[in-house]
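See structure below.
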Amino acid sequence: MDKLSIEKPVRVRFAPSPTGFLHIGGARTAIYNWAFARRMGGTFILRIEDTDPERSTPENTAQIIRSLRWLGLDWDEGPEVGGDFGPYLQTERFSTYGMALKHLQENDLVYPCFCTPEELAARRESALSKQDFHGYDRSCRHLNADEVSARLTAGEPCAWRLKLPLEHDDIVFDDAVYGQITVPFSEMDDLICVRSDGSPTYNFAAVIDDSNMQVSHVIRGDDHLSNTPKQILIYEALGLEVPTFAHLSMILGADGKRLSKRHGATSIEAYRDEGYLSEALLNYLALLGWSLDGKTDIFSAQTLCENFSFGRVSKNPATFDNDKLTWVNSTYIKEMGARAFIDALTPWLESAGLAYGIDGKANAEQVKDSIQDNRDWYEAIYPLIAERAKTLADAAPMVSYLFSGSELEMDEKSVQKCLSAAEIPNLLESCITILDNPSLEWQHNNIEAALRAVPEVAGVKPKLLFQAVRVAICGNMVSPPLFESIELIGRNKALARLKKAAETASTIAVSVKDVTTPS
RNA sequence: GGCCCGUUCGUCUAGCGGUUUAGGACACCGCCCUCUCAAGGCGGAGAUCACGGGUUCGAAUCCCGUACGGGCUACCA
């Protein structure tokens with residue numbers, strides 16, 4: 001392998017066509033290309049295959065680039081970065097395809113086909129029903145030279161087809177993932193290289209580009225496995241060196257069908273918007289079809305780049321498992337640390353309008369300023385939810401109670417369940433007295449120690465009181481840790497919330513008494 | 001129809017002829033911890049390695065069929 005890399009520098013490319021967003025499958029192909037390039041000290045190229053004018057848009061191209069960047073991939077040549085083998089948009093490379101065609105024409109390796117698409121479709125239809133379809137019937141290949149030149153000079157539209165050799169061995173290539181693949185030459189037909197409108201077909205353009213860009217390894221989805229022999233024939237006609245191929249299996253939805261819109265989010269940006277971290281998505285995608293050692297699930301991009309190899313890429317299609325992605329994401333949240341977490345969470349706080357020091361919904365600017373001015377306070381949130389939030393989207397609602405000021409809306413169910421016991425008003429009053437004491441240092445350990453005395457003295461279970469306090473402070477019977485929350489909310493607001501809860505509790509106690517006391 | 005490819009717990013995978021009573025992870029279940037929820041710890045259930053034939057002293061691993069799934073079979077990419 002080392003020897004090989006000395007002989008031929010590793011150059012790989014990711015070549016999406018901008019007919020849609022960057023989706024899960026494309027992203028994984030990009031990741032493997034990138035990781036392989038980094039592993040081999042090679043070059044990673046981004047090339048946009050926008051030859052389909054009907055479906056390609058600049059917006060899609062921009063979105064693909066944005067998604068790739070967001071994932072943390074960087075390319076050495078391509079849009080935005082340039083390179084010596086550009087341009088990197090196929091629509092800007094048409095002259096190269098023209099030159100290649102000319103070369104083929106001059107060497108009688110290609111011939112004009114005047115059959116119309118309609119004729120071909122009809123012929124294909126009838127051949128198919130006879131169950132022996134083997135591609136184009138080569139009728140135009142046998143036209144006599146005079147007729148051809150006459151029709152050509154008359155300007156009759158024609159496509160240019162590759163003039164396959166009459167005799168050829170079966171096509172054999174070594175796929176880096178699948179191993180040796182053999183396709184009978186009898187299956188090959190005279191494929192079209194250039195359409196009647198002058199545009200190159202995918203197979204032709206890909207070969208010319210990969211060759212011109214000196215691509216050493218073509219790493220792509222296995223929907224191209226069947227295109228490979230055709231492309232090899234083009235390489236051979238042009239006298240070009242055939243690169244190494246590595247095909248990647250598809251990614252399936254939970255129903256075992258090819259991943260598509262029906263399965264919900266498939267675009268990379270949709271995952272970003274659902275609160276997944278790019279590092280986690282990258283990790284999960286890398287894991288979906290590749291293994292580091294069979295045991296390790298969590299690894300950094302750097303580890304990926306240091307260890308990637310085709311030998312560990314699996315051949316069978318993988319089913320996308322959102323549960324596992326979510327788990328990977330949650331482990332990244334747990335390990336990312338307060339600083340990175342708050343950075344990542346900032347947009348979410350902005351859109352939720354959560355700013356420390358501002359009651360009610362704040363605007364994005366206020367949130368930004370608040371975070372800047374109260375960085376320590378914000379970072380103190382992290383340990384409260386690091387083990388609880390599975391995504392960034394989870395996190396904001398989870399901590400919104402910290403931003404509610406003195407007025408907190410309490411969940412009705414939680415109120416009924418946790419504030420209705422007869423002892424609650426008195427217990428809460430005791431808490432208020434304790435917390436109102438200025439000599440109590442406002443720190444969660446001290447707060448906890450002080451409050452634990454209350455149920456002990458009253459002879460009730462700690463849980464009874466703390467659930468009531470939780471509802472008072474957090475508004476819900478399920479919440480992040482209580483004493484840390486009290487600390488973060490601050491003495492005045494905490495006291496205000498406790499007072500309000502105590503009032504609520506006494507009204508419930510009264511009404512309960514009304515109901516239960518026989519008249 | 002033809003050609004190509006694939007098939008190990010529900011899911012992702014380890015496994016490259018003997019170290020395998022098939023290992024890990026997610027999900028699931030139970031217990032512990034505990035101020036709730038999580039997290040964490042411990043344990044459990046879950047795969048006759050698609051099926052059938054070979055080869056071999058020995059096969060999840062090699063070969064051949066079959067079934068199922070996917071791809072290609074375009075003047076789409």
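We label chains A, B, ... in the order they appear in the structure tokens, count residues from 1 in each chain, and number ligands from 1 in the order shown.
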*Might you pull out every residue within 10 Å of C26 (chain B), with only C-alpha atoms (C1' of nucleotides) counted and same-chain residues fewer than 3 positions away left off, and present them as a ChimeraX atom specification?*
/A:297,321-328 /B:11-12
Residues from the last selection, N, CA and C atoms (P, O5', C5', C4', C3', O3' and C1' of nucleotides), saved as an mmCIF file, in the first residue's frame:
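Just written: again-v5.cif:
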```cif
data_model
loop_
_atom_site.group_PDB
_atom_site.id
_atom_site.type_symbol
_atom_site.label_atom_id
_atom_site.label_comp_id
_atom_site.auth_asym_id
_atom_site.auth_seq_id
_atom_site.Cartn_x
_atom_site.Cartn_y
_atom_site.Cartn_z
ATOM 1 N N ASP A 297 -17.751 2.633 19.297
ATOM 2 C CA ASP A 297 -18.803 3.344 18.572
ATOM 3 C C ASP A 297 -18.540 4.837 18.485
ATOM 4 N N ASP A 321 -30.648 4.118 11.673
ATOM 5 C CA ASP A 321 -31.300 3.927 12.960
ATOM 6 C C ASP A 321 -31.243 5.225 13.767
ATOM 7 N N ASN A 322 -32.384 5.898 13.775
ATOM 8 C CA ASN A 322 -32.419 7.184 14.465
ATOM 9 C C ASN A 322 -32.126 7.073 15.957
ATOM 10 N N ASP A 323 -32.536 5.964 16.565
ATOM 11 C CA ASP A 323 -32.275 5.774 17.995
ATOM 12 C C ASP A 323 -30.778 5.806 18.280
ATOM 13 N N LYS A 324 -30.036 5.148 17.418
ATOM 14 C CA LYS A 324 -28.605 5.087 17.666
ATOM 15 C C LYS A 324 -27.948 6.447 17.416
ATOM 16 N N LEU A 325 -28.402 7.121 16.387
ATOM 17 C CA LEU A 325 -27.902 8.477 16.127
ATOM 18 C C LEU A 325 -28.138 9.350 17.354
ATOM 19 N N THR A 326 -29.349 9.242 17.895
ATOM 20 C CA THR A 326 -29.698 10.041 19.065
ATOM 21 C C THR A 326 -28.793 9.687 20.238
ATOM 22 N N TRP A 327 -28.526 8.419 20.384
ATOM 23 C CA TRP A 327 -27.632 7.997 21.467
ATOM 24 C C TRP A 327 -26.220 8.566 21.251
ATOM 25 N N VAL A 328 -25.725 8.476 20.027
ATOM 26 C CA VAL A 328 -24.403 9.037 19.729
ATOM 27 C C VAL A 328 -24.411 10.533 20.061
ATOM 28 P P U B 11 -33.052 -6.542 11.682
ATOM 29 O "O5'" U B 11 -32.479 -5.136 12.176
ATOM 30 C "C5'" U B 11 -33.011 -3.916 11.651
ATOM 31 C "C4'" U B 11 -32.163 -2.776 12.140
ATOM 32 C "C3'" U B 11 -30.666 -2.942 11.893
ATOM 33 O "O3'" U B 11 -30.304 -2.594 10.568
ATOM 34 C "C1'" U B 11 -30.990 -2.314 14.122
ATOM 35 P P C B 12 -29.058 -3.274 9.889
ATOM 36 O "O5'" C B 12 -27.842 -2.507 10.570
ATOM 37 C "C5'" C B 12 -27.675 -1.104 10.381
ATOM 38 C "C4'" C B 12 -26.469 -0.654 11.166
ATOM 39 C "C3'" C B 12 -25.215 -1.464 10.881
ATOM 40 O "O3'" C B 12 -24.596 -1.039 9.687
ATOM 41 C "C1'" C B 12 -25.478 -1.210 13.212
#
```
*Extract, using only C-alpha atoms (C1' of nucleotides), all DNA, RNA and protein residues at most 12 Å from G23 (chain B), discarding same-chain residues fewer than 5 positions from it, and format them as a list in words.*
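Those residues are Asp293, Gly294 and Lys295 of chain A; U8, C9, U13, A14 and G15 of chain B.
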Dump of N, CA and C atoms (P, O5', C5', C4', C3', O3' and C1' of nucleotides) for the selected residues, as a short mmCIF file (atom, residue, chain, number, x, y, z; two decimals), in the first residue's frame:
```cif
data_model
loop_
_atom_site.label_atom_id
_atom_site.label_comp_id
_atom_site.auth_asym_id
_atom_site.auth_seq_id
_atom_site.Cartn_x
_atom_site.Cartn_y
_atom_site.Cartn_z
N ASP A 293 -13.12 -0.98 15.03
CA ASP A 293 -12.55 -2.23 15.54
C ASP A 293 -13.64 -3.23 15.94
N GLY A 294 -14.89 -2.89 15.63
CA GLY A 294 -15.97 -3.79 15.99
C GLY A 294 -16.50 -3.53 17.39
N LYS A 295 -15.77 -2.74 18.18
CA LYS A 295 -16.21 -2.49 19.55
C LYS A 295 -16.49 -1.01 19.81
P U B 8 -27.26 -10.31 7.49
"O5'" U B 8 -26.52 -11.24 8.56
"C5'" U B 8 -26.96 -12.58 8.71
"C4'" U B 8 -26.43 -13.12 9.99
"C3'" U B 8 -26.79 -12.29 11.24
"O3'" U B 8 -28.08 -12.62 11.71
"C1'" U B 8 -24.49 -12.80 11.29
P C B 9 -29.15 -11.45 11.87
"O5'" C B 9 -29.25 -11.23 13.44
"C5'" C B 9 -30.28 -10.40 13.98
"C4'" C B 9 -30.54 -10.90 15.37
"C3'" C B 9 -31.38 -9.94 16.24
"O3'" C B 9 -32.66 -10.50 16.49
"C1'" C B 9 -29.51 -10.84 17.42
P U B 13 -23.76 -2.08 8.86
"O5'" U B 13 -22.56 -2.31 9.87
"C5'" U B 13 -21.88 -3.53 9.96
"C4'" U B 13 -21.17 -3.55 11.29
"C3'" U B 13 -20.25 -4.72 11.50
"O3'" U B 13 -18.96 -4.42 10.95
"C1'" U B 13 -21.65 -4.51 13.38
P A B 14 -18.11 -5.55 10.38
"O5'" A B 14 -17.58 -6.28 11.70
"C5'" A B 14 -16.77 -5.56 12.61
"C4'" A B 14 -16.29 -6.46 13.70
"C3'" A B 14 -15.64 -7.75 13.24
"O3'" A B 14 -14.30 -7.52 12.85
"C1'" A B 14 -17.05 -8.14 15.11
P G B 15 -13.72 -8.09 11.52
"O5'" G B 15 -13.73 -9.65 11.82
"C5'" G B 15 -13.07 -10.15 12.99
"C4'" G B 15 -13.66 -11.52 13.28
"C3'" G B 15 -13.33 -12.49 12.15
"O3'" G B 15 -12.53 -13.54 12.62
"C1'" G B 15 -15.67 -12.51 12.74
#
```
*Compile the contact shell of region 32-47 of chain B as a ChimeraX atom specification: residues with an atom at most 9 Å away, counting only C-alpha atoms (C1' of nucleotides), same-chain residues fewer than 4 positions apart removed.*
/A:385-389,462-467,470,476-483 /B:8-10,22,28
Print the selection's residues with C-alpha atoms (C1' of nucleotides) to a file, as a PDB file, in the first residue's frame.
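What ended up in out-v7.pdb:
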```pdb
ATOM      1  CA  ILE A 385     -28.847  19.012  31.416  1.00  0.00           C
ATOM      2  CA  ALA A 386     -25.756  17.385  29.925  1.00  0.00           C
ATOM      3  CA  GLU A 387     -27.020  13.968  30.948  1.00  0.00           C
ATOM      4  CA  ARG A 388     -30.598  14.689  30.065  1.00  0.00           C
ATOM      5  CA  ALA A 389     -30.698  16.442  26.719  1.00  0.00           C
ATOM      6  CA  PRO A 462     -37.958  14.053  51.851  1.00  0.00           C
ATOM      7  CA  LYS A 463     -39.502  13.223  48.511  1.00  0.00           C
ATOM      8  CA  LEU A 464     -42.837  14.698  49.552  1.00  0.00           C
ATOM      9  CA  LEU A 465     -41.299  18.079  50.165  1.00  0.00           C
ATOM     10  CA  PHE A 466     -38.791  18.107  47.380  1.00  0.00           C
ATOM     11  CA  GLN A 467     -41.347  17.264  44.750  1.00  0.00           C
ATOM     12  CA  ARG A 470     -39.586  21.156  42.446  1.00  0.00           C
ATOM     13  CA  ASN A 476     -43.036  20.529  36.774  1.00  0.00           C
ATOM     14  CA  MET A 477     -42.658  17.309  38.721  1.00  0.00           C
ATOM     15  CA  VAL A 478     -39.951  16.273  36.267  1.00  0.00           C
ATOM     16  CA  SER A 479     -36.982  18.581  36.013  1.00  0.00           C
ATOM     17  CA  PRO A 480     -33.228  18.963  36.131  1.00  0.00           C
ATOM     18  CA  PRO A 481     -31.640  18.785  39.602  1.00  0.00           C
ATOM     19  CA  LEU A 482     -33.480  20.884  42.129  1.00  0.00           C
ATOM     20  CA  PHE A 483     -30.889  22.520  44.325  1.00  0.00           C
TER      21      PHE A 483
ATOM     22  C1'   U B   8     -24.489 -12.801  11.289  1.00  0.00           C
ATOM     23  C1'   C B   9     -29.514 -10.835  17.421  1.00  0.00           C
ATOM     24  C1'   G B  10     -35.272  -5.896  15.898  1.00  0.00           C
ATOM     25  C1'   A B  22     -20.884 -16.481  17.721  1.00  0.00           C
ATOM     26  C1'   C B  28     -35.825  -3.572  25.118  1.00  0.00           C
TER      27        C B  28
END
```
*Considering only C-alpha atoms (C1' of nucleotides), state which residue in the set A:Asp137, A:Asp223, A:Asp175, A:Asp190 is at the smallest distance from chain B.*
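Closest residue, counting only C-alpha atoms (C1' of nucleotides): A:Asp223.
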*asked:* Could you tell me how far CA of Val12 (chain A) sits from CA of Thr43 (chain A), in Å to one decimal place?
replied: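 Between CA of Thr43 (chain A) and CA of Val12 (chain A) the gap works out to 6.3 Å.
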*Taking the DSSP assignment computed from this structure's backbone, write out as a PyMOL selection string all residues of region 353-434 of chain A that belong to alpha helix (DSSP H).*
chain A and resi 364-373+375-379+382-385+392-399+412-418+424-434
*Counting only C-alpha atoms, which of A:Val471, A:Ala450, A:Val313, A:Ala254 gets nearest to Gly179 (chain A)?*
A:Val313
*Please measure the separation of CA of Leu164 (chain A) and CA of Leu109 (chain A), giving the value in Å to one decimal.*
7.5 Å
*Tell me, in Å to one decimal, how far C1' of C5 (chain B) is from CA of Ala121 (chain A).*
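One can read the C1' of C5 (chain B) to CA of Ala121 (chain A) distance as 26.9 Å.
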*Quick one: residues within 10 Å of Thr319 (chain A), only C-alpha atoms (C1' of nucleotides) counted, chain neighbours fewer than 2 positions away excluded, as a ChimeraX atom specification?*
/A:250-259,288-289,316-317,321-322 /B:11-12
*Can you pull out every residue within 12 Å of U7 (chain B), counting only C-alpha atoms (C1' of nucleotides), but drop anything in the same chain fewer than 2 positions away, and send it as a PyMOL selection string?*
(chain A and resi 315-318) or (chain B and resi 5+49-51+60+67-70)
Restricting the output to N, CA, C and O atoms (P, O5', C5', C4', C3', O3' and C1' of nucleotides), write the selected residues as a tab-separated table (two decimals), in the first residue's frame.
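Output contents, as saved in selection.tsv:
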```
chain	number	residue	atom	x	y	z
A	315	LYS	N	-20.24	-4.53	3.02
A	315	LYS	CA	-20.80	-4.63	1.68
A	315	LYS	C	-22.32	-4.52	1.70
A	315	LYS	O	-22.92	-4.14	0.72
A	316	ASN	N	-22.93	-4.91	2.79
A	316	ASN	CA	-24.39	-4.93	2.77
A	316	ASN	C	-24.99	-3.60	3.17
A	316	ASN	O	-24.43	-2.87	3.96
A	317	PRO	N	-26.15	-3.31	2.60
A	317	PRO	CA	-26.80	-2.04	2.89
A	317	PRO	C	-27.15	-1.91	4.37
A	317	PRO	O	-27.48	-2.89	5.02
A	318	ALA	N	-27.05	-0.71	4.89
A	318	ALA	CA	-27.30	-0.47	6.31
A	318	ALA	C	-28.61	0.28	6.49
A	318	ALA	O	-28.94	1.17	5.72
B	5	C	P	-20.93	-10.17	-8.98
B	5	C	O5'	-21.57	-9.35	-7.79
B	5	C	C5'	-20.96	-8.16	-7.32
B	5	C	C4'	-21.85	-7.47	-6.32
B	5	C	C3'	-22.26	-8.30	-5.11
B	5	C	O3'	-21.24	-8.39	-4.15
B	5	C	C1'	-24.14	-7.16	-5.94
B	49	C	P	-26.99	-20.96	11.71
B	49	C	O5'	-27.45	-19.43	11.71
B	49	C	C5'	-27.79	-18.74	10.50
B	49	C	C4'	-26.92	-17.50	10.38
B	49	C	C3'	-26.05	-17.46	9.12
B	49	C	O3'	-26.46	-16.32	8.34
B	49	C	C1'	-24.77	-17.01	11.12
B	50	A	P	-26.73	-16.45	6.86
B	50	A	O5'	-28.23	-16.98	6.78
B	50	A	C5'	-29.28	-16.39	7.55
B	50	A	C4'	-30.58	-16.76	6.90
B	50	A	C3'	-30.61	-18.20	6.39
B	50	A	O3'	-31.06	-19.07	7.42
B	50	A	C1'	-31.27	-16.73	4.65
B	51	C	P	-30.31	-20.49	7.64
B	51	C	O5'	-30.95	-21.37	6.50
B	51	C	C5'	-32.36	-21.60	6.47
B	51	C	C4'	-32.74	-22.22	5.15
B	51	C	C3'	-31.90	-23.43	4.75
B	51	C	O3'	-32.37	-24.62	5.37
B	51	C	C1'	-32.05	-21.97	2.92
B	60	A	P	-20.17	-23.17	11.23
B	60	A	O5'	-20.46	-21.76	10.54
B	60	A	C5'	-21.77	-21.35	10.20
B	60	A	C4'	-21.72	-20.05	9.46
B	60	A	C3'	-20.56	-19.89	8.49
B	60	A	O3'	-20.96	-20.29	7.20
B	60	A	C1'	-20.60	-18.05	9.96
B	67	A	P	-35.18	-19.43	-7.12
B	67	A	O5'	-35.49	-18.88	-5.67
B	67	A	C5'	-36.56	-19.43	-4.89
B	67	A	C4'	-36.54	-18.82	-3.52
B	67	A	C3'	-36.61	-17.31	-3.50
B	67	A	O3'	-37.95	-16.86	-3.61
B	67	A	C1'	-34.89	-18.02	-2.07
B	68	C	P	-38.26	-15.49	-4.39
B	68	C	O5'	-37.79	-14.38	-3.35
B	68	C	C5'	-38.46	-14.24	-2.09
B	68	C	C4'	-37.61	-13.42	-1.16
B	68	C	C3'	-37.21	-12.04	-1.69
B	68	C	O3'	-38.23	-11.09	-1.54
B	68	C	C1'	-35.31	-13.11	-0.78
B	69	G	P	-38.37	-9.90	-2.60
B	69	G	O5'	-37.14	-8.97	-2.20
B	69	G	C5'	-37.17	-8.26	-0.96
B	69	G	C4'	-35.85	-7.56	-0.75
B	69	G	C3'	-35.42	-6.62	-1.86
B	69	G	O3'	-36.06	-5.37	-1.78
B	69	G	C1'	-33.59	-7.96	-1.22
B	70	G	P	-36.34	-4.55	-3.15
B	70	G	O5'	-34.88	-4.01	-3.51
B	70	G	C5'	-34.27	-3.05	-2.67
B	70	G	C4'	-32.83	-2.87	-3.09
B	70	G	C3'	-32.60	-2.38	-4.51
B	70	G	O3'	-32.81	-0.99	-4.62
B	70	G	C1'	-31.09	-4.12	-4.03
```
*asked:* Please list as a ChimeraX atom specification every residue within 9 Å of Ile473 (chain A), counting only C-alpha atoms (C1' of nucleotides) and excluding residues in the same chain fewer than 5 positions away.
replied: /A:401-402,408,410,468,482,485-486,489,493-495,497-498,501
_Which of region 26-205 of chain A fall in strand (DSSP E or B), as an NGL selection string_ = :A and (43-46 or 48 or 77-78 or 82 or 89 or 110-113 or 159-162 or 171-175 or 179-183 or 192-194 or 200)
Would you mind listing what lies within 10 Å of Val399 (chain A) as a compact mmCIF listing (two decimals) with C-alpha atoms, in the first residue's frame, with only C-alpha atoms (C1' of nucleotides) counted and same-chain residues fewer than 4 positions away left out?
```
# COMPACT_ATOMS: atom_id res chain seq x y z
CA LEU A 349 -31.78 30.03 23.13
CA LEU A 354 -34.48 32.79 26.61
CA ILE A 381 -26.62 25.23 33.13
CA TYR A 382 -24.61 22.61 31.32
CA LEU A 384 -27.87 20.24 34.83
CA ILE A 385 -28.85 19.01 31.42
CA ASP A 394 -34.40 19.05 23.81
CA ALA A 395 -32.26 21.40 25.82
CA PHE A 403 -35.61 32.14 32.62
CA SER A 404 -39.13 32.63 33.84
CA CYS A 474 -39.30 24.33 38.03
CA SER A 479 -36.98 18.58 36.01
CA PRO A 480 -33.23 18.96 36.13
CA SER A 485 -31.78 25.08 39.87
```
*Find, counting only C-alpha atoms, the residue in A:Thr507, A:Asn445, A:Thr244, A:Ser330 that gets nearest to Gln214 (chain A).*
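Looking only at the distances to Gln214 (chain A), the closest residue turns out to be A:Thr244.
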*Could you check which of A:Glu59, A:Asp189, A:Asp273, A:Glu407 is closest to Arg138 (chain A), using only C-alpha atoms?*
A:Asp189
*asked:* So, with only C-alpha atoms (C1' of nucleotides) as the atoms that count, which of A:Cys140, A:Leu22, A:Leu285, A:Ala344 lies closest to chain B?
replied: A:Leu285
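With only C-alpha atoms (C1' of nucleotides) as the basis for measurement, A:Asp52 is the residue among A:Asp52, A:Asp169, A:Glu456, A:Glu429 that approaches chain B most closely.
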